[in-house]
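Below is work_22.cif, which holds mmCIF, C-alpha atoms.
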data_my_file
loop_
_atom_site.group_PDB
_atom_site.id
_atom_site.type_symbol
_atom_site.label_atom_id
_atom_site.label_comp_id
_atom_site.auth_asym_id
_atom_site.auth_seq_id
_atom_site.Cartn_x
_atom_site.Cartn_y
_atom_site.Cartn_z
ATOM 1 C CA MET A 1 37.454 33.775 -17.628
ATOM 2 C CA PHE A 2 40.321 31.944 -19.289
ATOM 3 C CA ASP A 3 41.789 31.142 -15.892
ATOM 4 C CA ASP A 4 38.459 29.700 -14.790
ATOM 5 C CA LEU A 5 38.315 27.559 -17.900
ATOM 6 C CA GLN A 6 41.850 26.380 -17.345
ATOM 7 C CA LYS A 7 41.135 25.553 -13.701
ATOM 8 C CA LYS A 8 38.029 23.640 -14.722
ATOM 9 C CA ASP A 9 39.976 21.602 -17.216
ATOM 10 C CA ILE A 10 42.770 20.845 -14.809
ATOM 11 C CA ASP A 11 40.523 19.641 -11.979
ATOM 12 C CA HIS A 12 38.296 17.812 -14.428
ATOM 13 C CA ASP A 13 41.277 16.114 -16.060
ATOM 14 C CA LEU A 14 42.686 15.211 -12.676
ATOM 15 C CA ILE A 15 39.493 13.559 -11.477
ATOM 16 C CA LEU A 16 39.255 11.572 -14.717
ATOM 17 C CA ALA A 17 42.899 10.560 -14.425
ATOM 18 C CA PHE A 18 42.183 9.346 -10.901
ATOM 19 C CA ALA A 19 39.229 7.351 -12.172
ATOM 20 C CA TYR A 20 41.662 5.607 -14.522
ATOM 21 C CA GLY A 21 43.893 4.723 -11.584
ATOM 22 C CA ASP A 22 46.402 7.593 -11.514
ATOM 23 C CA ARG A 23 47.481 8.096 -7.896
ATOM 24 C CA LYS A 24 49.405 11.273 -8.654
ATOM 25 C CA ALA A 25 46.193 12.863 -9.916
ATOM 26 C CA ALA A 26 44.602 12.323 -6.499
ATOM 27 C CA GLN A 27 47.635 13.880 -4.875
ATOM 28 C CA GLN A 28 47.531 16.947 -7.117
ATOM 29 C CA LEU A 29 43.806 17.387 -6.654
ATOM 30 C CA THR A 30 44.202 17.144 -2.888
ATOM 31 C CA GLU A 31 46.989 19.720 -2.888
ATOM 32 C CA ARG A 32 44.935 22.102 -5.024
ATOM 33 C CA LEU A 33 41.606 21.886 -3.223
ATOM 34 C CA MET A 34 42.148 20.585 0.310
ATOM 35 C CA PRO A 35 43.397 23.871 1.865
ATOM 36 C CA LYS A 36 40.324 25.786 0.615
ATOM 37 C CA MET A 37 37.887 23.115 1.758
ATOM 38 C CA TYR A 38 39.546 22.770 5.128
ATOM 39 C CA ALA A 39 39.597 26.548 5.700
ATOM 40 C CA HIS A 40 35.917 26.750 4.764
ATOM 41 C CA ALA A 41 34.954 23.924 7.116
ATOM 42 C CA TYR A 42 37.160 25.232 9.915
ATOM 43 C CA PHE A 43 35.701 28.710 9.794
ATOM 44 C CA ARG A 44 32.170 27.383 9.753
ATOM 45 C CA LEU A 45 32.600 24.801 12.479
ATOM 46 C CA GLY A 46 35.264 26.469 14.609
ATOM 47 C CA ASN A 47 36.779 23.135 15.440
ATOM 48 C CA ILE A 48 39.858 21.472 13.965
ATOM 49 C CA ALA A 49 38.782 17.861 14.420
ATOM 50 C CA ASP A 50 35.359 18.429 12.869
ATOM 51 C CA ALA A 51 36.790 20.508 10.012
ATOM 52 C CA GLU A 52 39.272 17.740 9.211
ATOM 53 C CA ASP A 53 36.603 15.057 9.363
ATOM 54 C CA VAL A 54 34.321 17.038 7.058
ATOM 55 C CA THR A 55 37.137 17.690 4.569
ATOM 56 C CA GLN A 56 38.141 14.031 4.573
ATOM 57 C CA GLU A 57 34.544 12.906 4.113
ATOM 58 C CA ALA A 58 34.016 15.320 1.202
ATOM 59 C CA PHE A 59 37.110 14.047 -0.582
ATOM 60 C CA LEU A 60 36.089 10.444 0.028
ATOM 61 C CA ARG A 61 32.800 11.170 -1.725
ATOM 62 C CA LEU A 62 34.726 12.760 -4.590
ATOM 63 C CA TRP A 63 36.930 9.675 -5.016
ATOM 64 C CA GLN A 64 33.878 7.431 -4.986
ATOM 65 C CA LEU A 65 32.133 9.563 -7.596
ATOM 66 C CA ALA A 66 35.198 9.824 -9.859
ATOM 67 C CA PRO A 67 34.319 6.988 -12.304
ATOM 68 C CA ARG A 68 30.893 8.548 -12.906
ATOM 69 C CA TRP A 69 32.130 12.140 -13.121
ATOM 70 C CA LYS A 70 30.650 13.939 -16.124
ATOM 71 C CA GLN A 71 32.041 16.927 -18.034
ATOM 72 C CA GLU A 72 28.747 18.773 -17.867
ATOM 73 C CA LYS A 73 28.582 18.512 -14.101
ATOM 74 C CA ALA A 74 29.633 21.313 -11.809
ATOM 75 C CA ARG A 75 33.284 22.201 -11.481
ATOM 76 C CA VAL A 76 35.100 19.918 -9.078
ATOM 77 C CA SER A 77 35.776 22.764 -6.639
ATOM 78 C CA THR A 78 32.152 23.944 -6.689
ATOM 79 C CA TRP A 79 30.926 20.412 -6.155
ATOM 80 C CA LEU A 80 33.315 19.961 -3.223
ATOM 81 C CA TYR A 81 32.256 23.259 -1.640
ATOM 82 C CA ARG A 82 28.665 22.112 -1.811
ATOM 83 C CA VAL A 83 29.457 18.796 -0.146
ATOM 84 C CA VAL A 84 31.597 20.444 2.542
ATOM 85 C CA SER A 85 28.865 22.995 3.119
ATOM 86 C CA ASN A 86 26.184 20.317 3.495
ATOM 87 C CA LEU A 87 28.367 18.290 5.831
ATOM 88 C CA CYS A 88 28.991 21.434 7.894
ATOM 89 C CA ASN A 89 25.240 22.055 8.028
ATOM 90 C CA ASP A 90 24.740 18.559 9.419
ATOM 91 C CA ARG A 91 27.314 19.158 12.117
ATOM 92 C CA TYR A 92 26.194 22.719 12.771
ATOM 93 C CA ARG A 93 22.797 21.438 13.832
ATOM 94 C CA ARG A 94 24.461 19.579 16.669
ATOM 95 C CA PRO A 95 24.973 21.268 20.081
ATOM 96 C CA LYS A 96 26.860 24.588 19.860
ATOM 97 C CA LEU A 97 30.618 24.222 19.425
ATOM 98 C CA GLU A 98 33.410 26.060 21.171
ATOM 99 C CA VAL A 99 34.394 29.223 19.321
ATOM 100 C CA LEU A 100 37.467 28.449 17.211
ATOM 101 C CA ASP A 101 39.490 25.801 18.940
ATOM 102 C CA TYR A 102 43.231 26.500 18.574
ATOM 103 C CA SER A 103 44.390 23.915 21.078
ATOM 104 C CA GLN A 104 45.593 21.412 18.489
ATOM 105 C CA GLU A 105 46.381 23.766 15.671
ATOM 106 C CA PRO A 106 49.553 23.100 13.655
ATOM 107 C CA ALA A 107 52.391 25.459 14.541
ATOM 108 C CA ASP A 108 53.067 28.294 12.108
ATOM 109 C CA GLU A 109 56.744 29.211 12.321
ATOM 110 C CA THR A 110 56.370 32.266 10.085
ATOM 111 C CA GLN A 111 54.536 34.295 12.763
ATOM 112 C CA SER A 112 55.730 35.702 16.056
ATOM 113 C CA PRO A 113 53.753 34.551 19.118
ATOM 114 C CA THR A 114 52.332 38.079 19.602
ATOM 115 C CA ASN A 115 51.132 38.366 16.026
ATOM 116 C CA LYS A 116 49.645 34.938 16.235
ATOM 117 C CA ILE A 117 47.709 35.768 19.393
ATOM 118 C CA ASP A 118 46.442 39.015 17.796
ATOM 119 C CA GLU A 119 45.364 37.148 14.716
ATOM 120 C CA GLN A 120 43.626 34.431 16.700
ATOM 121 C CA ARG A 121 41.765 37.078 18.666
ATOM 122 C CA ARG A 122 40.599 38.745 15.455
ATOM 123 C CA GLN A 123 39.591 35.407 13.998
ATOM 124 C CA LYS A 124 37.556 34.585 17.083
ATOM 125 C CA THR A 125 35.802 37.957 16.937
ATOM 126 C CA LEU A 126 35.019 37.592 13.257
ATOM 127 C CA TYR A 127 33.892 34.004 13.748
ATOM 128 C CA HIS A 128 31.643 35.038 16.617
ATOM 129 C CA ALA A 129 30.110 37.866 14.567
ATOM 130 C CA ILE A 130 29.517 35.671 11.523
ATOM 131 C CA SER A 131 28.021 32.986 13.770
ATOM 132 C CA ASN A 132 25.320 35.461 14.731
ATOM 133 C CA LEU A 133 24.100 35.785 11.143
ATOM 134 C CA PRO A 134 21.219 33.627 9.911
ATOM 135 C CA GLU A 135 22.610 30.435 8.379
ATOM 136 C CA ASN A 136 21.992 31.367 4.730
ATOM 137 C CA GLN A 137 23.516 34.821 5.128
ATOM 138 C CA ARG A 138 26.443 33.379 6.994
ATOM 139 C CA LEU A 139 27.185 30.866 4.248
ATOM 140 C CA ALA A 140 26.787 33.444 1.474
ATOM 141 C CA VAL A 141 29.051 35.957 3.230
ATOM 142 C CA GLN A 142 31.686 33.323 3.923
ATOM 143 C CA LEU A 143 31.694 31.986 0.365
ATOM 144 C CA ARG A 144 31.817 35.496 -1.099
ATOM 145 C CA HIS A 145 34.221 37.330 1.192
ATOM 146 C CA ILE A 146 36.384 34.616 2.742
ATOM 147 C CA ASP A 147 36.457 31.889 0.094
ATOM 148 C CA GLU A 148 36.257 34.593 -2.619
ATOM 149 C CA LEU A 149 33.927 32.699 -4.921
ATOM 150 C CA SER A 150 31.898 34.383 -7.633
ATOM 151 C CA ASN A 151 28.149 34.912 -7.212
ATOM 152 C CA PRO A 152 27.271 32.315 -9.926
ATOM 153 C CA ASP A 153 29.448 29.741 -8.136
ATOM 154 C CA ILE A 154 27.822 30.550 -4.805
ATOM 155 C CA ALA A 155 24.399 30.277 -6.441
ATOM 156 C CA GLU A 156 25.315 26.805 -7.664
ATOM 157 C CA ILE A 157 26.629 25.725 -4.274
ATOM 158 C CA MET A 158 23.603 27.062 -2.387
ATOM 159 C CA ASP A 159 21.132 26.036 -5.074
ATOM 160 C CA LEU A 160 19.787 29.586 -5.348
ATOM 161 C CA SER A 161 19.501 32.209 -8.080
ATOM 162 C CA VAL A 162 22.348 34.701 -8.518
ATOM 163 C CA GLU A 163 19.968 37.517 -7.509
ATOM 164 C CA ALA A 164 19.092 35.708 -4.283
ATOM 165 C CA VAL A 165 22.792 35.282 -3.522
ATOM 166 C CA GLU A 166 23.460 38.982 -4.145
ATOM 167 C CA SER A 167 20.633 39.890 -1.811
ATOM 168 C CA LEU A 168 21.796 37.466 0.896
ATOM 169 C CA THR A 169 25.381 38.666 0.668
ATOM 170 C CA ALA A 170 24.370 42.329 0.849
ATOM 171 C CA ARG A 171 22.091 41.806 3.843
ATOM 172 C CA GLY A 172 24.668 39.595 5.566
ATOM 173 C CA LYS A 173 27.387 42.159 4.986
ATOM 174 C CA ARG A 174 25.279 45.000 6.421
ATOM 175 C CA LYS A 175 24.424 42.995 9.495
ATOM 176 C CA LEU A 176 28.016 41.885 9.946
ATOM 177 C CA ILE A 177 29.285 45.477 9.817
ATOM 178 C CA ALA A 178 26.807 46.413 12.510
ATOM 179 C CA LEU A 179 27.940 43.487 14.662
ATOM 180 C CA LEU A 180 31.610 44.241 14.135
ATOM 181 C CA GLN A 181 31.200 47.897 15.108
ATOM 182 C CA THR A 182 30.930 46.735 18.713
ATOM 183 C CA HIS A 183 34.145 44.704 18.465
ATOM 184 C CA LYS A 184 36.481 47.223 16.861
ATOM 185 C CA SER A 185 39.113 46.926 19.578
ATOM 186 C CA GLU A 186 39.314 43.100 19.287
ATOM 187 C CA LEU A 187 39.803 43.502 15.567
ATOM 188 C CA GLY A 188 42.711 45.902 16.051
ATOM 189 C CA TYR A 189 40.855 49.099 15.144
ATOM 190 C CA ARG A 190 41.253 52.172 17.271
ATOM 191 C CA ASP A 191 38.986 55.146 17.659
ATOM 192 C CA GLY A 192 40.293 58.582 16.969
ATOM 193 C CA MET B 1 49.412 45.125 14.375
ATOM 194 C CA ALA B 2 46.709 47.610 15.311
ATOM 195 C CA LYS B 3 45.130 49.468 12.441
ATOM 196 C CA ASN B 4 44.188 53.072 12.816
ATOM 197 C CA LYS B 5 40.784 53.123 11.181
ATOM 198 C CA GLN B 6 37.854 55.325 12.016
ATOM 199 C CA ASN B 7 35.213 53.073 10.616
ATOM 200 C CA PRO B 8 35.310 49.371 9.756
ATOM 201 C CA ARG B 9 32.889 50.059 6.918
ATOM 202 C CA ASP B 10 35.706 51.856 5.080
ATOM 203 C CA ASP B 11 37.943 48.856 5.145
ATOM 204 C CA PHE B 12 35.573 45.968 5.378
ATOM 205 C CA SER B 13 37.698 43.581 3.353
ATOM 206 C CA ASN B 14 40.419 43.685 6.028
ATOM 207 C CA PHE B 15 38.130 41.870 8.419
ATOM 208 C CA PHE B 16 38.040 38.936 6.106
ATOM 209 C CA GLU B 17 41.780 38.819 5.566
ATOM 210 C CA THR B 18 41.885 37.559 9.125
ATOM 211 C CA ALA B 19 39.981 34.468 8.125
ATOM 212 C CA LYS B 20 42.347 33.741 5.226
ATOM 213 C CA SER B 21 45.456 33.791 7.350
ATOM 214 C CA PRO B 22 48.100 31.053 7.287
ATOM 215 C CA THR B 23 47.086 29.998 10.796
ATOM 216 C CA LEU B 24 44.168 28.178 9.184
ATOM 217 C CA LYS B 25 46.429 25.402 7.925
ATOM 218 C CA ALA B 26 45.376 21.804 8.139
ATOM 219 C CA HIS B 27 47.564 19.175 9.762
ATOM 220 C CA ALA B 28 49.823 17.360 7.308
ATOM 221 C CA ASP B 29 48.133 14.217 8.554
ATOM 222 C CA LEU B 30 44.877 15.264 6.861
ATOM 223 C CA LYS B 31 46.439 15.002 3.419
ATOM 224 C CA VAL B 32 47.778 11.553 4.300
ATOM 225 C CA ARG B 33 44.311 10.463 5.423
ATOM 226 C CA ILE B 34 42.688 11.807 2.263
ATOM 227 C CA LEU B 35 45.219 10.084 0.007
ATOM 228 C CA ARG B 36 44.826 6.844 1.944
ATOM 229 C CA ASP B 37 41.094 7.045 1.219
ATOM 230 C CA ALA B 38 41.885 7.691 -2.455
ATOM 231 C CA ASP B 39 44.081 4.594 -2.632
ATOM 232 C CA LYS B 40 41.496 2.462 -0.886
ATOM 233 C CA THR B 41 38.693 3.719 -3.137
ATOM 234 C CA ARG B 42 40.797 3.144 -6.258
ATOM 235 C CA ASP B 43 41.532 -0.449 -5.185
ATOM 236 C CA GLU B 44 37.853 -1.061 -4.435
ATOM 237 C CA LEU B 45 36.822 0.356 -7.811
ATOM 238 C CA TYR B 46 39.348 -1.846 -9.586
ATOM 239 C CA LEU B 47 38.098 -4.932 -7.737
ATOM 240 C CA ALA B 48 34.485 -4.005 -8.450
ATOM 241 C CA GLN B 49 35.266 -3.634 -12.164
ATOM 242 C CA ARG B 50 36.932 -7.031 -12.239
ATOM 243 C CA ARG B 51 34.067 -8.571 -10.299
ATOM 244 C CA SER B 52 31.534 -7.076 -12.667
ATOM 245 C CA TRP B 53 33.251 -8.542 -15.737
ATOM 246 C CA LEU B 54 33.582 -11.948 -14.114
ATOM 247 C CA GLY B 55 29.988 -11.749 -12.914
ATOM 248 C CA ILE B 56 28.653 -10.929 -16.394
ATOM 249 C CA THR B 57 30.646 -13.791 -17.941
ATOM 250 C CA PHE B 58 29.459 -16.204 -15.271
ATOM 251 C CA ILE B 59 25.798 -15.251 -15.735
ATOM 252 C CA TYR B 60 26.110 -15.562 -19.507
ATOM 253 C CA LEU B 61 27.627 -19.030 -19.282
ATOM 254 C CA LYS B 62 25.058 -20.131 -16.726
ATOM 255 C CA GLU B 63 22.321 -19.157 -19.167
ATOM 256 C CA LEU B 64 24.062 -21.244 -21.802
ATOM 257 C CA GLY B 65 23.801 -24.383 -19.679
ATOM 258 C CA GLY B 66 25.902 -24.250 -16.545
ATOM 259 C CA SER B 67 29.466 -25.319 -15.868
ATOM 260 C CA SER B 68 29.515 -28.185 -18.395
ATOM 261 C CA ALA B 69 28.499 -25.736 -21.127
ATOM 262 C CA ALA B 70 31.169 -23.336 -19.942
ATOM 263 C CA VAL B 71 33.835 -26.051 -20.155
ATOM 264 C CA GLY B 72 32.631 -27.186 -23.570
ATOM 265 C CA PHE B 73 32.404 -23.644 -24.856
ATOM 266 C CA SER B 74 35.904 -22.803 -23.642
ATOM 267 C CA ALA B 75 37.354 -26.030 -25.100
ATOM 268 C CA SER B 76 35.765 -25.508 -28.509
ATOM 269 C CA LEU B 77 36.910 -21.883 -28.519
ATOM 270 C CA ALA B 78 40.479 -22.912 -27.703
ATOM 271 C CA ALA B 79 40.406 -25.687 -30.324
ATOM 272 C CA GLY B 80 39.054 -23.309 -32.942
ATOM 273 C CA VAL B 81 41.765 -20.766 -32.279
ATOM 274 C CA PHE B 82 44.437 -23.474 -32.269
ATOM 275 C CA ILE B 83 43.269 -25.043 -35.555
ATOM 276 C CA GLY B 84 43.084 -21.596 -37.094
ATOM 277 C CA PHE B 85 46.753 -21.040 -36.416
ATOM 278 C CA TYR B 86 48.111 -24.576 -36.606
ATOM 279 C CA SER B 87 45.953 -26.670 -38.933
ATOM 280 C CA PRO B 88 46.919 -30.390 -38.712
ATOM 281 C CA ASP B 89 48.842 -32.033 -41.612
ATOM 282 C CA TRP B 90 46.084 -34.563 -42.284
ATOM 283 C CA SER B 91 43.642 -31.783 -43.145
ATOM 284 C CA GLU B 92 45.602 -31.188 -46.382
ATOM 285 C CA LEU B 93 45.489 -34.927 -47.228
ATOM 286 C CA ILE B 94 41.705 -34.972 -46.875
ATOM 287 C CA ALA B 95 41.446 -31.837 -49.006
ATOM 288 C CA ASN B 96 43.575 -33.467 -51.758
ATOM 289 C CA VAL B 97 41.457 -36.643 -51.753
ATOM 290 C CA VAL B 98 38.250 -34.666 -52.022
ATOM 291 C CA GLY B 99 39.879 -32.409 -54.609
ATOM 292 C CA LEU B 100 39.413 -29.165 -52.765
ATOM 293 C CA ASP B 101 41.727 -26.572 -51.496
ATOM 294 C CA ALA B 102 41.092 -23.369 -49.712
ATOM 295 C CA LEU B 103 41.232 -21.308 -52.923
ATOM 296 C CA ASN B 104 38.719 -23.395 -54.923
ATOM 297 C CA GLU B 105 35.143 -22.262 -55.046
ATOM 298 C CA VAL B 106 32.464 -24.816 -54.296
ATOM 299 C CA ASP B 107 30.078 -24.650 -57.275
ATOM 300 C CA LEU B 108 26.837 -25.700 -55.678
ATOM 301 C CA ILE B 109 24.684 -23.849 -58.155
ATOM 302 C CA GLY B 110 26.221 -25.544 -61.223
ATOM 303 C CA SER B 111 25.646 -29.044 -59.915
ATOM 304 C CA PHE B 112 22.141 -28.089 -58.891
ATOM 305 C CA PHE B 113 21.290 -27.020 -62.426
ATOM 306 C CA GLY B 114 23.110 -30.086 -63.827
ATOM 307 C CA MET B 115 20.734 -32.353 -61.940
ATOM 308 C CA MET B 116 17.869 -30.686 -63.628
#
Show me the file's structure as structure tokens.
Amino acid sequence: MFDDLQKKDIDHDLILAFAYGDRKAAQQLTERLMPKMYAHAYFRLGNIADAEDVTQEAFLRLWQLAPRWKQEKARVSTWLYRVVSNLCNDRYRRPKLEVLDYSQEPADETQSPTNKIDEQRRQKTLYHAISNLPENQRLAVQLRHIDELSNPDIAEIMDLSVEAVESLTARGKRKLIALLQTHKSELGYRDG
Amino acid sequence: MAKNKQNPRDDFSNFFETAKSPTLKAHADLKVRILRDADKTRDELYLAQRRSWLGITFIYLKELGGSSAAVGFSASLAAGVFIGFYSPDWSELIANVVGLDALNEVDLIGSFFGMM
């Protein structure tokens, strides 16, 4: 609770500092929130270029809103998730995308090539399974289990009640388990 | 990296760890693009603020009577400020002749009653 309050104050202070012309504030805010927003967009869209465009667009809207940012508004991170989510929805309605495009992904030196291939295979399987959920369930499951947001935050992002979010997440989770049962080997699970 | 699990339901959270892996890193270029947008937006906001102040002043002066009024208003303002700080020597001479200085009160009421 205290951590949440502290986070709120930091992001809020940073956006106000930016509004008063502090460039370092923009840099700090970007470093704090960009990885989460990008990961969210990437996992929803399955495409690096689109995920980057969506993240950039969401931040642009944040910069433009900065001078009118109010204390009583949503937390900066919640607001950004909502914008990223809406932008993803817009793109998601376009023709179906390739499942997780790794062709232009930045190199990660900390992983061996084998581990990386295993992980990419698991990501593709999970992405494919989540893609089969209805859109609302998919978003709720992603926000809850991948982005690790609280139910009240998800409710704010999705503009739903907390009870509705709990129900969506539970149904989405059940359906996802059923879908994943058929892909145990791709996920690195063995029988017996 | 294979996990020996009987049932994914028992270890559901592990599925999602996959999606939080470090392979989901953005290009460094994305941060540069975002900060470039921030700089551009900040410059635009600064210009817009300046324009809005100039615009308000211009509209106000136009209402007062156009550019000639603006020039006259500015000149009288400058003269007023200047005289306030550097009053000319001859102003004291006039005050001595009239018999007034800045500390004397002007007794308008007394003379008014005297006339009666």
Original post:
So which one's closest to chain A, B:Ala38, B:Val98, B:Val32, B:Ala78? Using all atoms listed in the file, please.
Top reply: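 Among B:Ala38, B:Val98, B:Val32, B:Ala78, it is B:Ala38 that comes nearest to chain A.
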**OP:** Tell me which residues the PyMOL selection byres ((chain A and resi 163-170) around 10) grabs here, as an MDAnalysis selection string.
**Re:** chainID A and resid 134 136:145 151:156 158:162 171:176
**OP:** May I ask for the distance between atom CA of B:Phe16 and atom CA of A:Thr55, given in Å to one decimal place?
**Re:** 21.3 Å
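Residue nearest A:Ala39 within the list B:Glu17, B:Gln49, B:Lys25, B:Asp39: B:Lys25 [criterion: smallest interatomic distance, all atoms listed in the file].
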Original post:
Skipping near chain neighbours, those fewer than 2 positions away, what residues fall within 9 Å of stretch 68-85 of chain A using all atoms listed in the file, listed as number ranges by chain?
Top reply: A: 7-9, 11-12, 15-16, 19, 33, 36-38, 40-41, 44, 54-55, 57-59, 61-62, 64-66, 87-90, 139, 143, 153-154, 156-158
Subject >> Coordinates-based distance that separates atom CA of A:Leu45 from atom CA of A:Leu29 (Å, one decimal) >> reply: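 Taking atom CA of A:Leu29 and atom CA of A:Leu45, their separation equals 23.4 Å.
Against the coordinates shown, the PyMOL selection byres ((chain A and resi 28) around 12) returns A:Ile10, A:Asp11, A:His12, A:Asp13, A:Leu14, A:Ile15, A:Ala17, A:Phe18, A:Asp22, A:Arg23, A:Lys24, A:Ala25, A:Ala26, A:Gln27, A:Leu29, A:Thr30, A:Glu31, A:Arg32, A:Leu33, A:Met34, B:Lys31, B:Ile34, B:Leu35, B:Ala38.
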Subject >> Coordinates-based distance that separates atom CA of B:Arg33 from atom CA of A:Ser131 (Å, one decimal) >> reply: 29.0 Å
